[in-house]
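K.L.:
Handing over final-v2.txt, compact mmCIF, C-alpha atoms and all ligand atoms.
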# COMPACT_ATOMS: atom_id res chain seq x y z
CA MET A 82 35.40 47.99 27.26
CA ASP A 83 36.68 44.44 27.89
CA ARG A 84 40.21 44.04 29.24
CA GLY A 85 42.73 41.24 28.71
CA SER A 86 44.59 39.29 31.41
CA HIS A 87 47.28 42.04 31.58
CA GLY A 88 44.72 44.83 31.85
CA GLU A 89 45.07 45.79 28.19
CA GLU A 90 42.02 47.14 26.37
CA LEU A 91 40.37 44.70 23.97
CA GLY A 92 38.48 45.57 20.80
CA ARG A 93 34.70 45.54 21.04
CA ILE A 94 33.19 42.35 19.70
CA ILE A 95 30.75 42.84 16.83
CA ASP A 96 27.91 40.51 17.76
CA GLY A 97 26.77 39.21 14.37
CA ALA A 98 24.34 36.80 15.95
CA ALA A 99 22.50 39.61 17.78
CA ILE A 100 22.47 41.91 14.73
CA ALA A 101 21.20 39.07 12.52
CA ARG A 102 18.49 38.29 15.08
CA ARG A 103 17.23 41.90 14.97
CA ILE A 104 17.12 41.79 11.16
CA ARG A 105 15.24 38.48 11.15
CA ASP A 106 12.71 39.74 13.71
CA LYS A 107 12.05 42.82 11.56
CA LEU A 108 11.71 40.61 8.47
CA ALA A 109 9.12 38.43 10.23
CA GLY A 110 6.96 41.57 10.53
CA GLU A 111 7.40 42.31 6.81
CA VAL A 112 6.52 38.71 5.94
CA GLU A 113 3.33 39.03 7.97
CA ALA A 114 2.36 42.21 6.11
CA LEU A 115 3.08 40.61 2.72
CA ALA A 116 1.14 37.48 3.69
CA ALA A 117 -1.83 39.66 4.69
CA SER A 118 -1.81 41.04 1.13
CA GLY A 119 -1.81 37.48 -0.25
CA VAL A 120 1.90 36.90 -0.94
CA VAL A 121 3.83 34.50 1.33
CA PRO A 122 7.53 34.83 0.43
CA GLY A 123 8.79 31.48 -0.85
CA LEU A 124 12.42 30.30 -0.93
CA ALA A 125 13.42 27.10 -2.72
CA VAL A 126 16.79 25.57 -1.91
CA ILE A 127 18.18 22.80 -4.09
CA LEU A 128 20.71 20.51 -2.48
CA VAL A 129 22.45 18.05 -4.77
CA GLY A 130 24.38 15.23 -3.11
CA ASP A 131 25.21 14.72 0.54
CA ASP A 132 28.05 17.09 1.39
CA PRO A 133 27.74 17.30 5.23
CA ALA A 134 28.60 21.04 5.49
CA SER A 135 26.04 21.87 2.76
CA ALA A 136 23.40 19.81 4.60
CA VAL A 137 24.04 21.88 7.76
CA TYR A 138 23.71 25.19 5.84
CA VAL A 139 20.52 24.04 4.13
CA ALA A 140 18.98 22.92 7.44
CA SER A 141 19.66 26.34 8.98
CA LYS A 142 18.07 28.05 5.95
CA GLU A 143 15.00 25.83 6.38
CA ARG A 144 14.74 26.78 10.06
CA ALA A 145 15.15 30.48 9.29
CA CYS A 146 12.35 30.34 6.67
CA ALA A 147 9.96 28.57 9.03
CA GLU A 148 10.74 30.98 11.85
CA ALA A 149 10.10 34.04 9.66
CA GLY A 150 6.75 32.63 8.49
CA MET A 151 8.07 32.11 4.97
CA ASN A 152 7.40 29.23 2.65
CA GLY A 153 10.63 27.19 2.62
CA LEU A 154 11.00 24.39 0.10
CA THR A 155 14.06 22.13 0.09
CA ILE A 156 14.60 19.90 -2.92
CA ARG A 157 17.13 17.15 -2.20
CA LEU A 158 18.59 15.48 -5.28
CA PRO A 159 21.02 12.55 -5.44
CA ALA A 160 24.74 13.12 -6.13
CA THR A 161 24.26 11.35 -9.49
CA THR A 162 21.78 14.02 -10.74
CA THR A 163 22.54 15.09 -14.32
CA GLN A 164 22.96 18.72 -15.30
CA ARG A 165 19.90 18.44 -17.53
CA ASP A 166 17.73 17.22 -14.62
CA LEU A 167 18.97 19.99 -12.38
CA LEU A 168 18.30 22.61 -15.07
CA ASP A 169 14.74 21.22 -15.49
CA GLN A 170 14.23 21.60 -11.76
CA VAL A 171 15.50 25.20 -11.81
CA ARG A 172 13.20 26.07 -14.74
CA ALA A 173 10.20 24.57 -12.94
CA LEU A 174 10.97 26.82 -9.96
CA ASN A 175 11.40 29.83 -12.27
CA ASP A 176 7.81 29.21 -13.44
CA ASP A 177 6.39 28.57 -9.96
CA PRO A 178 4.58 31.73 -8.76
CA SER A 179 4.73 30.62 -5.10
CA ILE A 180 8.56 30.67 -5.21
CA HIS A 181 10.27 34.09 -5.11
CA GLY A 182 13.82 33.04 -4.34
CA ILE A 183 15.88 30.14 -5.71
CA LEU A 184 19.19 29.01 -4.27
CA VAL A 185 21.28 26.15 -5.56
CA GLN A 186 23.63 25.07 -2.78
CA MET A 187 27.28 24.93 -3.84
CA PRO A 188 29.46 22.97 -4.34
CA LEU A 189 27.78 20.85 -7.00
CA PRO A 190 28.94 17.35 -8.07
CA LYS A 191 31.59 17.45 -10.78
CA GLN A 192 29.27 16.44 -13.66
CA ILE A 193 27.41 19.75 -13.25
CA ASP A 194 28.80 23.13 -14.35
CA PRO A 195 27.88 25.67 -11.63
CA ASP A 196 27.98 28.66 -14.02
CA THR A 197 25.43 27.05 -16.36
CA VAL A 198 23.11 26.42 -13.42
CA ILE A 199 23.48 29.97 -12.04
CA ARG A 200 22.70 31.42 -15.48
CA ALA A 201 19.52 29.30 -15.67
CA ILE A 202 18.02 30.94 -12.56
CA ASP A 203 15.54 33.74 -13.28
CA PRO A 204 17.55 36.86 -12.23
CA THR A 205 14.45 38.20 -10.40
CA LYS A 206 14.56 35.06 -8.21
CA ASP A 207 18.35 34.91 -7.86
CA VAL A 208 18.47 35.76 -4.14
CA ASP A 209 22.08 34.56 -3.93
CA GLY A 210 23.03 37.39 -6.31
CA PHE A 211 25.35 35.25 -8.46
CA HIS A 212 23.60 35.61 -11.85
CA PRO A 213 25.66 37.81 -14.23
CA ILE A 214 22.70 40.24 -14.49
CA ASN A 215 22.78 40.80 -10.74
CA VAL A 216 26.58 40.94 -10.68
CA GLY A 217 26.43 43.66 -13.37
CA LYS A 218 23.72 45.60 -11.53
CA LEU A 219 25.78 45.50 -8.35
CA LEU A 220 28.85 46.86 -10.13
CA ILE A 221 26.89 49.62 -11.88
CA GLY A 222 25.15 50.51 -8.61
CA GLU A 223 21.61 49.70 -9.78
CA GLU A 224 19.63 48.86 -6.68
CA ASP A 225 16.90 46.65 -8.13
CA GLY A 226 19.19 43.60 -8.28
CA PHE A 227 20.36 41.27 -5.51
CA ALA A 228 23.73 41.54 -3.80
CA PRO A 229 25.39 38.29 -2.64
CA CYS A 230 24.40 37.55 0.95
CA THR A 231 27.80 37.33 2.68
CA PRO A 232 29.23 40.65 1.47
CA ALA A 233 25.82 42.32 1.94
CA GLY A 234 25.87 40.95 5.51
CA VAL A 235 29.35 42.36 6.11
CA GLN A 236 28.24 45.80 4.92
CA GLU A 237 25.20 45.62 7.19
CA LEU A 238 27.44 44.63 10.14
CA LEU A 239 29.60 47.71 9.54
CA VAL A 240 26.58 50.02 9.32
CA GLN A 241 24.90 48.54 12.40
CA SER A 242 28.15 48.74 14.38
CA GLY A 243 28.47 52.45 13.63
CA VAL A 244 31.61 52.02 11.51
CA ASN A 245 32.00 54.96 9.14
CA THR A 246 33.33 53.72 5.80
CA LEU A 247 33.36 57.05 3.95
CA GLY A 248 36.85 57.76 2.66
CA LYS A 249 38.31 54.92 4.73
CA ASP A 250 40.99 52.52 3.52
CA ILE A 251 39.36 49.11 3.36
CA VAL A 252 41.60 46.16 2.55
CA LEU A 253 40.01 42.89 1.43
CA ILE A 254 41.84 39.58 1.47
CA GLY A 255 40.26 37.31 -1.13
CA ARG A 256 38.87 37.97 -4.61
CA SER A 257 36.25 35.22 -5.02
CA ASN A 258 33.00 35.84 -6.88
CA ILE A 259 31.13 34.93 -3.69
CA VAL A 260 32.85 37.26 -1.24
CA GLY A 261 35.82 39.41 -2.30
CA LYS A 262 34.71 40.85 -5.65
CA PRO A 263 31.10 41.67 -4.69
CA MET A 264 32.36 43.03 -1.35
CA ALA A 265 34.59 45.47 -3.24
CA ALA A 266 31.70 46.46 -5.54
CA LEU A 267 29.43 47.19 -2.55
CA LEU A 268 32.03 49.25 -0.71
CA LEU A 269 32.83 51.38 -3.76
CA GLN A 270 29.29 52.65 -4.32
CA ASP A 271 28.27 56.21 -3.56
CA HIS A 272 26.00 55.55 -0.59
CA LEU A 273 25.77 54.73 3.12
CA GLY A 274 28.12 51.99 4.28
CA ALA A 275 30.33 52.51 1.23
CA ASN A 276 32.36 55.34 -0.40
CA ALA A 277 35.56 53.64 0.73
CA THR A 278 38.96 53.34 -0.93
CA VAL A 279 39.16 49.61 -1.56
CA THR A 280 42.20 47.39 -2.03
CA ILE A 281 41.69 43.75 -3.02
CA CYS A 282 44.48 41.32 -2.10
CA HIS A 283 44.72 37.72 -3.24
CA ARG A 284 47.08 34.80 -3.27
CA TYR A 285 49.50 36.53 -5.67
CA THR A 286 49.62 39.81 -3.77
CA ARG A 287 53.22 40.72 -2.95
CA ASP A 288 53.76 41.70 0.69
CA LEU A 289 50.22 41.23 2.00
CA ALA A 290 51.14 42.82 5.35
CA ALA A 291 52.15 46.09 3.68
CA HIS A 292 48.54 46.40 2.50
CA THR A 293 46.80 45.16 5.64
CA ARG A 294 48.82 47.52 7.88
CA ARG A 295 47.29 50.49 6.05
CA ALA A 296 43.74 49.25 6.58
CA ASP A 297 41.24 51.24 8.62
CA ILE A 298 38.93 48.29 8.02
CA LEU A 299 40.29 44.83 7.23
CA ILE A 300 38.02 42.16 5.76
CA ALA A 301 39.55 38.68 5.59
CA ALA A 302 37.98 36.06 3.30
CA ALA A 303 40.81 33.74 2.32
CA GLY A 304 39.94 30.49 4.09
CA ARG A 305 43.35 30.33 5.82
CA PRO A 306 43.43 29.97 9.63
CA LYS A 307 45.60 32.58 11.39
CA LEU A 308 46.52 34.28 8.10
CA VAL A 309 46.11 37.68 9.78
CA THR A 310 48.47 38.11 12.71
CA ALA A 311 48.95 41.01 15.14
CA ASP A 312 51.96 42.44 13.25
CA MET A 313 49.75 42.84 10.14
CA VAL A 314 47.27 45.37 11.55
CA LYS A 315 47.39 48.90 12.86
CA GLN A 316 46.02 50.12 16.18
CA GLY A 317 42.29 50.90 16.00
CA VAL A 318 41.56 48.77 12.94
CA VAL A 319 38.06 47.32 12.48
CA VAL A 320 38.40 43.63 11.63
CA ILE A 321 35.75 41.58 9.84
CA ASP A 322 36.63 37.90 9.65
CA VAL A 323 34.64 36.09 6.96
CA GLY A 324 36.76 32.93 7.03
CA ILE A 325 35.32 29.66 8.31
CA ASN A 326 37.99 26.99 8.80
CA ARG A 327 37.88 23.67 10.58
CA VAL A 328 40.91 23.04 12.76
CA SER A 329 41.35 19.79 14.65
CA ASP A 330 40.85 20.05 18.40
CA ALA A 331 40.86 16.85 20.44
CA SER A 332 39.11 18.63 23.34
CA ALA A 333 36.11 19.64 21.16
CA PRO A 334 33.13 17.24 21.07
CA LYS A 335 33.37 16.84 17.28
CA GLY A 336 37.17 16.66 17.25
CA TYR A 337 37.41 20.04 15.50
CA ARG A 338 36.43 23.64 16.01
CA LEU A 339 35.70 26.51 13.66
CA VAL A 340 38.09 29.44 13.38
CA GLY A 341 38.35 32.39 11.04
CA ASP A 342 41.29 33.77 9.05
CA VAL A 343 42.34 36.11 11.84
CA ASP A 344 44.40 35.22 14.90
CA PHE A 345 41.57 36.55 17.07
CA ASP A 346 43.26 36.60 20.50
CA ALA A 347 46.40 38.30 19.18
CA VAL A 348 44.62 40.85 16.97
CA ARG A 349 41.74 41.84 19.28
CA PRO A 350 43.87 44.06 21.62
CA LEU A 351 44.83 46.19 18.59
CA ALA A 352 41.36 46.36 17.06
CA SER A 353 38.65 48.90 17.90
CA GLN A 354 36.01 46.37 16.80
CA ILE A 355 36.30 42.77 15.63
CA THR A 356 33.96 39.95 14.58
CA PRO A 357 34.29 36.54 16.23
CA VAL A 358 34.09 33.20 14.41
CA PRO A 359 31.55 31.71 14.81
CA LYS A 360 28.71 34.20 15.53
CA GLY A 361 30.16 37.01 13.44
CA VAL A 362 29.57 37.12 9.70
CA GLY A 363 27.98 33.63 9.44
CA PRO A 364 24.55 34.48 10.93
CA MET A 365 24.40 37.61 8.75
CA THR A 366 24.61 35.54 5.57
CA ILE A 367 21.34 33.79 6.38
CA ALA A 368 19.68 37.02 7.54
CA MET A 369 20.54 38.64 4.19
CA LEU A 370 19.25 35.62 2.29
CA MET A 371 15.94 36.06 4.09
CA LYS A 372 16.02 39.79 3.36
CA ASN A 373 16.67 39.22 -0.36
CA THR A 374 13.82 36.70 -0.52
CA VAL A 375 11.34 39.04 1.17
CA ARG A 376 12.42 41.78 -1.24
CA ALA A 377 12.03 39.41 -4.21
CA ALA A 378 8.49 38.61 -3.03
CA ALA A 379 7.63 42.30 -2.56
CA MET A 380 9.01 43.11 -6.04
CA HIS A 381 7.00 40.22 -7.49
CA ALA A 382 3.84 41.51 -5.78
CA ALA A 383 4.50 45.00 -7.17
CA ARG A 384 4.96 43.63 -10.72
CA VAL A 385 1.74 41.61 -10.47
CA SER A 386 -0.27 44.59 -9.26
CA ALA A 387 1.24 46.82 -11.98
CA LEU A 388 0.22 44.23 -14.59
CA ARG A 389 -3.30 44.09 -13.13
CA GLY A 390 -3.43 47.89 -13.33
CA VAL A 391 -2.50 47.75 -17.04
CA ALA A 392 -5.10 45.04 -17.70
CA ILE A 393 -7.83 47.04 -15.94
CA GLY A 394 -6.73 50.17 -17.86
CA GLU A 395 -7.02 48.27 -21.15
CA MET A 396 -10.55 47.04 -20.28
CA ALA A 397 -11.75 50.54 -19.36
P1 LIG A 401 37.82 30.96 -2.20
O1 LIG A 401 38.73 29.82 -1.92
O2 LIG A 401 36.97 30.95 -3.41
O3 LIG A 401 38.70 32.29 -2.27
C1 LIG A 401 39.75 32.53 -1.38
C2 LIG A 401 40.47 33.78 -1.82
O4 LIG A 401 41.50 34.06 -0.90
C3 LIG A 401 41.10 33.68 -3.20
O5 LIG A 401 40.75 34.83 -3.94
C4 LIG A 401 42.60 33.63 -2.92
O6 LIG A 401 43.35 34.30 -3.93
C5 LIG A 401 42.71 34.34 -1.59
N1 LIG A 401 43.81 33.81 -0.77
C6 LIG A 401 44.01 32.52 -0.38
N2 LIG A 401 45.15 32.43 0.33
C7 LIG A 401 45.66 33.68 0.41
C8 LIG A 401 46.81 34.22 1.00
N3 LIG A 401 47.68 33.45 1.68
N4 LIG A 401 47.04 35.55 0.89
C9 LIG A 401 46.16 36.34 0.20
N5 LIG A 401 45.04 35.87 -0.38
C10 LIG A 401 44.81 34.56 -0.28
O7 LIG A 401 36.97 31.17 -0.87
P2 LIG A 401 35.59 31.96 -0.61
O8 LIG A 401 34.46 31.16 -1.09
O9 LIG A 401 35.73 33.38 -1.02
O10 LIG A 401 35.58 31.89 0.98
C11 LIG A 401 36.61 32.45 1.75
C12 LIG A 401 36.42 32.06 3.20
O11 LIG A 401 35.19 32.62 3.66
C13 LIG A 401 36.29 30.55 3.45
O12 LIG A 401 36.86 30.27 4.71
C14 LIG A 401 34.81 30.32 3.49
O13 LIG A 401 34.46 29.19 4.27
C15 LIG A 401 34.35 31.60 4.14
N6 LIG A 401 32.97 31.96 3.82
C16 LIG A 401 32.18 32.29 4.86
C17 LIG A 401 30.88 32.68 4.64
C18 LIG A 401 30.03 33.07 5.80
O14 LIG A 401 28.82 33.06 5.70
N7 LIG A 401 30.63 33.47 6.92
C19 LIG A 401 30.37 32.69 3.34
C20 LIG A 401 31.21 32.38 2.27
C21 LIG A 401 32.52 32.02 2.53
What is this file in structure tokens?
P.N.:
Amino acid sequence: MDRGSHGEELGRIIDGAAIARRIRDKLAGEVEALAASGVVPGLAVILVGDDPASAVYVASKERACAEAGMNGLTIRLPATTTQRDLLDQVRALNDDPSIHGILVQMPLPKQIDPDTVIRAIDPTKDVDGFHPINVGKLLIGEEDGFAPCTPAGVQELLVQSGVNTLGKDIVLIGRSNIVGKPMAALLLQDHLGANATVTICHRYTRDLAAHTRRADILIAAAGRPKLVTADMVKQGVVVIDVGINRVSDASAPKGYRLVGDVDFDAVRPLASQITPVPKGVGPMTIAMLMKNTVRAAAMHAARVSALRGVAIGEMA
């Protein structure tokens, strides 16, 4: 147990970087086994334009693919790319048997409608889990779809940190399609790491603190630095901070540093466990992207061998 400067007990830090590392090491073994059977998992990432944050994310996905022994393909398109050209690119990847996962990095330039692009991705290659088919499967609890990587990573963090979610009050801040809504859907299911009572708060929630103070587990994904303060949590709460915010800091080499949505130093003494920013949820997002891609490749291999079985059966 860490202690603060006044001897007070501090919540245990959930080391997302270490947990993500273990997952990626295990995946590398699965990739090797798949490759030995003739299928090298392939992930294609399309980056349109030159948004600097997107370029950083894409570079780390490329590194993660290479490290896991996967086939990583990055397609960089100019900011002036038309929607039609992007859709053609997506369809070509849908038809490419060496590619098992397709990710189109958001945000897209304004001439392109993100929903149209997401709907064009083959749902069996939609490793981001944003296609309406996968969103529906997640809500129904069908497990052959893909869950979005960030909320799947949060659930994995809770499981790996020994946090029991069954019957617990989990309060989410944020209702986006990327984090809040799929997070709620995952936590509501009837299986391990779920079975919780879930409350979703958003920008129109009246008296946010009244909800967060009830939380056994608080998951913040609002994109607002220091939104969650010490007076908003109860003793023993588990805090998962999804937020990534740049705040200016003249002493930092880049002139800014990254913080979450939670006032970490003030909240940690009250928490039983808490994620830091960075090195909390962030590394898990990439680990889950890798995991979804390996699963997509394994499912593809299973479909191919089932088809071969049918063809052989027909010849016999
Ligand atoms: P978003 O802007 O789409 O959604 C933010 C949500 O927070 C909205 O539903 C809004 O209603 C709610 N909200 C905003 N201000 C609020 C307030 N004062 N009180 C209550 N609710 C409020 O953002 P997003 O894409 O869901 O991302 C949320 C945060 O998580 C961002 O900081 C983003 O950078 C981060 N993020 C991190 C990862 C990761 O890998 N760690 C992945 C995705 C997003």
K.L.:
As a PyMOL selection string, please: every protein or nucleic acid residue near ligand LIG 401 (chain A) (cut-off 6 Å, counting only C-alpha atoms and all ligand atoms).
P.N.:
chain A and resi 231+254-257+259-260+282-284+302-304+323-326+362-363+366
K.L.:
I want to know what sits within 6 Å of Met313 in chain A, based on all atoms listed in the file, with residues of the same chain fewer than 2 positions away left out; could you give that as a ChimeraX atom specification?
P.N.:
/A:290,293-294,310-311
K.L.:
From the options A:Gly274, A:Gly217, A:Gly210, A:Gly130, which residue's atoms come nearest to Leu247 in chain A, counting only C-alpha atoms?
P.N.:
A:Gly274
K.L.:
List as number ranges by chain the protein and nucleic acid residues near Ala275 in chain A, meaning an atom at most 12 Å away when all atoms listed in the file are counted, but skip any in the same chain fewer than 4 places from it.
P.N.:
A: 222, 232-233, 235-237, 239-240, 244-251, 264-271, 279, 298
K.L.:
Pick from A:Ala352, A:Ala101, A:Ala160, A:Ala116: nearest to Ala368 in chain A, with all atoms listed in the file counted?
P.N.:
A:Ala101
K.L.:
When you count all atoms listed in the file, which of these residues is closest to Leu91 in chain A: A:Arg349, A:Lys262, A:Lys335, A:His272?
P.N.:
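Nearest to Leu91 in chain A: A:Arg349.
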K.L.:
List as a list in words the protein and nucleic acid residues near Val252 in chain A, meaning an atom at most 9 Å away when only C-alpha atoms are counted, but skip any in the same chain fewer than 5 places from it.
P.N.:
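So the residues in contact are Thr278, Val279, Thr280, Ile281, Cys282, His292, Thr293, Arg295, Ala296, Asp297, Ile298, Leu299, Ile300 and Ala301 of chain A.
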K.L.:
Calculated over all atoms listed in the file, which of the candidates A:Val129, A:Ile156, A:Val348, A:Val343 has the smallest distance to Leu189 in chain A?
P.N.:
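For Leu189 in chain A, the nearest of the candidates is A:Val129.
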K.L.:
Measure the distance from CA of Lys191 in chain A to CA of Gln170 in chain A in Å and round it to one decimal.
P.N.:
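Value for the CA of Lys191 in chain A-CA of Gln170 in chain A distance: 17.9 Å.
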